[in-house]
There are 2 protein chains.
Amino acid sequence: MTVPNDANAARKPPFLRSRDEYKTLFDSVDTFLLDCDGVIYHGPVVVPGVKRVLQMMRDAGKKVIFVTNNATKSRAMYKKTFDKLGIPVDEAEIFGSAYASAVYMREVLNFPEDKRVYVLGEKGLEDELDAKGIKRTGGTDPEDRVFLPSMDFSAYKPDPTIGAVLCGFDSGINYKKLCKAYSYLRDDPSVHFLLTNQDKTFPTNGTTYVGSGSLSAPLVFALQGKREPTVIGKPNKPMMDAIIAEHHFDPKRALMVGDNLLTDIAFGNNSDVRTLLVMGGVTHKEEVYGENPSEIVPTFVMESLGDLEQLLDN
Amino acid sequence: MTVPNDANAARKPPFLRSRDEYKTLFDSVDTFLLDCDGVIYHGPVVVPGVKRVLQMMRDAGKKVIFVTNNATKSRAMYKKTFDKLGIPVDEAEIFGSAYASAVYMREVLNFPEDKRVYVLGEKGLEDELDAKGIKRTGGTDPEDRVFLPSMDFSAYKPDPTIGAVLCGFDSGINYKKLCKAYSYLRDDPSVHFLLTNQDKTFPTNGTTYVGSGSLSAPLVFALQGKREPTVIGKPNKPMMDAIIAEHHFDPKRALMVGDNLLTDIAFGNNSDVRTLLVMGGVTHKEEVYGENPSEIVPTFVMESLGDLEQLLDN
């Protein structure tokens, strides 16, 4: 049942429906990497069956890691979301792109003690940088967030104490923040250019709004041809590198579960981890089984993660 | 001396140096389209000789049109800049991308009387829309510009009174403005998506800062694959269409003069108007005459527009 990823493009992935198929998959996995919105819950509603399935995973000694691109929340904030939904989780099981960015800066970049990161982002991102002891500026500081439109550009200068610019979702984005970040990156190639993720939009209230990737687009566009950002979050490898740096597991015995081909499934495929696409989220069946399918092919497809509940029936 | 544009790519353009060459060029032109910064002045300093050259053009009955991508200024504001520099101009000779956008909406789109345009931009852009009787909202209105960061997205909804989103340079850019603009464009393909220009950066104080094109990048990125913007300013044809809609001239007897290959020279080339590249601005000679020259080739090259002053010597 294990199918090498590089063969995926040439075939239609199996759509798992029977108890036997569920059992074979479940037994082949030691570590479940789970996207949250669209897999565990839809906004405020838990996907039917998922609570029992998570408990079954824990009872069977599986490792469970929640992997999300949302960069506005720290692990502690995520735990509160799970608590409200009545889903027991441990903070250490949560891996958002905010925490992944902090881990990546600490473990992969060895970000220097004497440098600061200039943050375009919310408190959740700041909390995770603090947790990893990374000095920061910008972010939610009113000094940069409260800005009266002005055509005075003299305040935007390089700053030798800045060692990186990290962009996530920032509801306080403004010209001052963009121009400060640009000025740090423009002249000094040693300043790291990092994005928590490059999601165009995010879903809420049954529609979509401008997402993190769009909020960093001014910097990416202004620096085009000069600087390329490193994107941490799904579908990019730095996120997996950060997860593996913290949780040691065998990627061959792992499974990435998600509802989004472009982020979740590509994430697994890019990291040689098998993938399970669930329906009911953002992907239509035609994108997998239609006449012009996506080039991003999951290893397996299921209707819902909650359907694994069948394994509990005798 | 007139060289068809499509032959340009295959050859090195002539570098004009002699009085005879200047004379032949001058006599072949009825309408001079002049970029401002880098051709007429460098910031606060007028290019030597240019004042006399402009007077010579007028005395010879040539039409002079100043063509600039800066969308923050109305023609009236531009006239003040020229006044300060001691260069006599008539408002009607000035064509910025703010005015071009208003002309384009009125003359080319026939923008409906009962619709409003949502503006990302400064007062100069608003003034030009007003001059053409185009109803507007957003822009410098404190209602949208003064924004406390918030994760409440319920305020961002489609609005049937909005018929276009127009993005220029907006020092008051914020999440509320981006999300309102996105919500207008997301669901209604009849809402026009217009950019005054797509300049990545702009030069000031001897360096560069985040430009108009970068400030609309969040919308372009968020809507990628769904909506493509119409870009008005140089090097795009809508700017020339707007100029010709106002000033009637024979493009074959016109010359676009500029210091920037990507905007000015491409603008002329895209509109079948001959081009003159001047040095001393943003282009290096190697980009024209080096081993790996730009694919954008001017019709002629000169050191400075001020050098035409020689034609006044006897």
# chains A, B, ... in the order shown; residues from 1 in each chain; ligands from 1
>>> select_by_dssp(residues="range 93-307 of chain B", states="helix (DSSP H, G or I)", output="MDAnalysis selection string")
chainID B and resid 93 97:108 123:131 142:145 175:187 212:215 217:222 237:246 251:253 261:270 286:289 305:307
>>> interface_residues(of="chain B", to="chain A", cutoff="9 Å", atoms="only C-alpha atoms", output="ChimeraX atom specification")
/B:145-151,153-154,156,170-176,178-179,182-183,186,199-201,204-205,208-211,213-224
>>> residues_around(residues="Gly280 in chain B", least_positions_apart="3", cutoff="12 Å", atoms="only C-alpha atoms", output="PyMOL selection string")
chain B and resi 37-42+47-48+258-260+277+283-285+301-306
>>> residues_around(residues="Arg274 in chain B", least_positions_apart="5", cutoff="7 Å", atoms="only C-alpha atoms", output="list of chain:residue names")
B:Ala254, B:Leu255, B:Met256, B:Gly268, B:Asn269, B:Thr299
>>> atom_distance(atom1="CA of Asp144 in chain A", atom2="CA of Val103 in chain A")
25.3 Å
>>> residues_around(residues="Ser101 in chain B", least_positions_apart="6", cutoff="9 Å", atoms="only C-alpha atoms", output="CSV table (one decimal) with N, CA, C and O atoms, in the first residue's frame")
chain,number,residue,atom,x,y,z
B,71,ALA,N,2.1,58.9,-9.1
B,71,ALA,CA,0.6,59.0,-9.0
B,71,ALA,C,0.2,59.8,-7.8
B,71,ALA,O,-1.0,59.9,-7.5
B,125,LEU,N,-4.2,62.0,-6.6
B,125,LEU,CA,-5.0,61.0,-7.4
B,125,LEU,C,-6.5,61.4,-7.2
B,125,LEU,O,-7.3,61.4,-8.2
B,128,GLU,N,-7.5,64.4,-9.4
B,128,GLU,CA,-7.7,64.2,-10.8
B,128,GLU,C,-9.0,63.4,-11.1
B,128,GLU,O,-9.6,63.6,-12.2
B,129,LEU,N,-9.3,62.5,-10.2
B,129,LEU,CA,-10.6,61.8,-10.4
B,129,LEU,C,-11.8,62.8,-10.3
B,129,LEU,O,-12.7,62.8,-11.1
B,166,LEU,N,-8.9,51.3,-7.8
B,166,LEU,CA,-7.7,52.0,-8.4
B,166,LEU,C,-6.6,52.1,-7.4
B,166,LEU,O,-6.8,52.8,-6.3
B,194,LEU,N,-7.6,48.3,-11.4
B,194,LEU,CA,-6.7,49.2,-12.1
B,194,LEU,C,-5.5,49.6,-11.2
B,194,LEU,O,-5.7,49.9,-10.0
B,195,LEU,N,-4.3,49.6,-11.7
B,195,LEU,CA,-3.1,50.2,-11.0
B,195,LEU,C,-2.6,51.4,-11.8
B,195,LEU,O,-2.5,51.4,-13.0
B,196,THR,N,-2.4,52.5,-11.1
B,196,THR,CA,-1.8,53.7,-11.7
B,196,THR,C,-0.5,53.3,-12.4
B,196,THR,O,-0.2,53.8,-13.5
B,232,ILE,N,-2.0,51.2,-15.8
B,232,ILE,CA,-2.2,52.4,-16.7
B,232,ILE,C,-0.8,53.0,-17.1
B,232,ILE,O,-0.6,53.2,-18.3
B,233,GLY,N,0.1,53.2,-16.1
B,233,GLY,CA,1.3,54.0,-16.3
B,233,GLY,C,2.3,53.3,-17.2
B,233,GLY,O,2.1,52.2,-17.7
B,238,PRO,N,-2.2,51.8,-22.0
B,238,PRO,CA,-3.3,52.6,-21.5
B,238,PRO,C,-2.8,54.1,-21.3
B,238,PRO,O,-3.6,55.0,-21.6
B,239,MET,N,-1.6,54.3,-20.8
B,239,MET,CA,-1.1,55.6,-20.6
B,239,MET,C,-1.0,56.4,-22.0
B,239,MET,O,-1.4,57.5,-22.1
B,242,ALA,N,-4.4,57.2,-23.2
B,242,ALA,CA,-5.0,58.4,-22.5
B,242,ALA,C,-4.4,59.7,-23.0
B,242,ALA,O,-5.1,60.7,-23.2
>>> residues_around(residues="Lys123 in chain A", least_positions_apart="4", cutoff="9 Å", atoms="only C-alpha atoms", output="number ranges by chain")
A: 72-74, 127-128, 139-140
>>> atom_distance(atom1="CA of Glu93 in chain B", atom2="CA of Arg75 in chain B")
8.6 Å
>>> select_by_dssp(residues="range 144-186 of chain A", states="strand (DSSP E or B)", output="list in words")
Ile162, Gly163, Ala164, Val165, Leu166 and Cys167 of chain A
>>> write_last_selection(atoms="all heavy atoms", output="compact mmCIF listing (two decimals), in the first residue's frame")
# COMPACT_ATOMS: atom_id res chain seq x y z
N ILE A 162 19.84 44.75 13.11
CA ILE A 162 18.82 43.86 12.53
C ILE A 162 19.50 42.75 11.73
O ILE A 162 20.27 43.02 10.81
CB ILE A 162 17.87 44.64 11.60
CG1 ILE A 162 17.17 45.80 12.35
CG2 ILE A 162 16.84 43.71 10.96
CD1 ILE A 162 16.18 45.38 13.40
N GLY A 163 19.19 41.49 12.08
CA GLY A 163 19.80 40.36 11.39
C GLY A 163 18.81 39.60 10.52
O GLY A 163 19.20 38.71 9.76
N ALA A 164 17.53 39.94 10.63
CA ALA A 164 16.51 39.25 9.82
C ALA A 164 15.23 40.06 9.78
O ALA A 164 14.97 40.86 10.68
CB ALA A 164 16.21 37.86 10.40
N VAL A 165 14.48 39.87 8.72
CA VAL A 165 13.11 40.38 8.63
C VAL A 165 12.22 39.15 8.52
O VAL A 165 12.46 38.28 7.68
CB VAL A 165 12.91 41.29 7.41
CG1 VAL A 165 11.43 41.58 7.18
CG2 VAL A 165 13.69 42.59 7.57
N LEU A 166 11.23 39.04 9.41
CA LEU A 166 10.32 37.90 9.42
C LEU A 166 8.89 38.40 9.22
O LEU A 166 8.40 39.19 10.02
CB LEU A 166 10.44 37.14 10.75
CG LEU A 166 9.43 36.02 11.01
CD1 LEU A 166 9.52 34.91 9.97
CD2 LEU A 166 9.64 35.44 12.43
N CYS A 167 8.25 37.95 8.14
CA CYS A 167 6.90 38.43 7.80
C CYS A 167 5.87 37.34 7.99
O CYS A 167 5.97 36.27 7.37
CB CYS A 167 6.83 38.87 6.34
SG CYS A 167 8.13 39.99 5.84
>>> atom_distance(atom1="CA of Ala76 in chain A", atom2="CA of Glu143 in chain A")
26.0 Å
>>> closest_residue(among="A:Pro203, A:Pro142, A:Pro160, A:Pro13", to="Arg116 in chain A", atoms="only C-alpha atoms")
A:Pro160
>>> residues_around(residues="range 51-57 of chain A", least_positions_apart="4", cutoff="10 Å", atoms="only C-alpha atoms", output="number ranges by chain")
A: 26, 29-32, 40, 46-47, 61-64, 85-89, 305-312
>>> closest_residue(among="A:Val119, A:Ala100, A:Leu33, A:Leu25", to="Pro251 in chain A", atoms="only C-alpha atoms")
A:Leu33
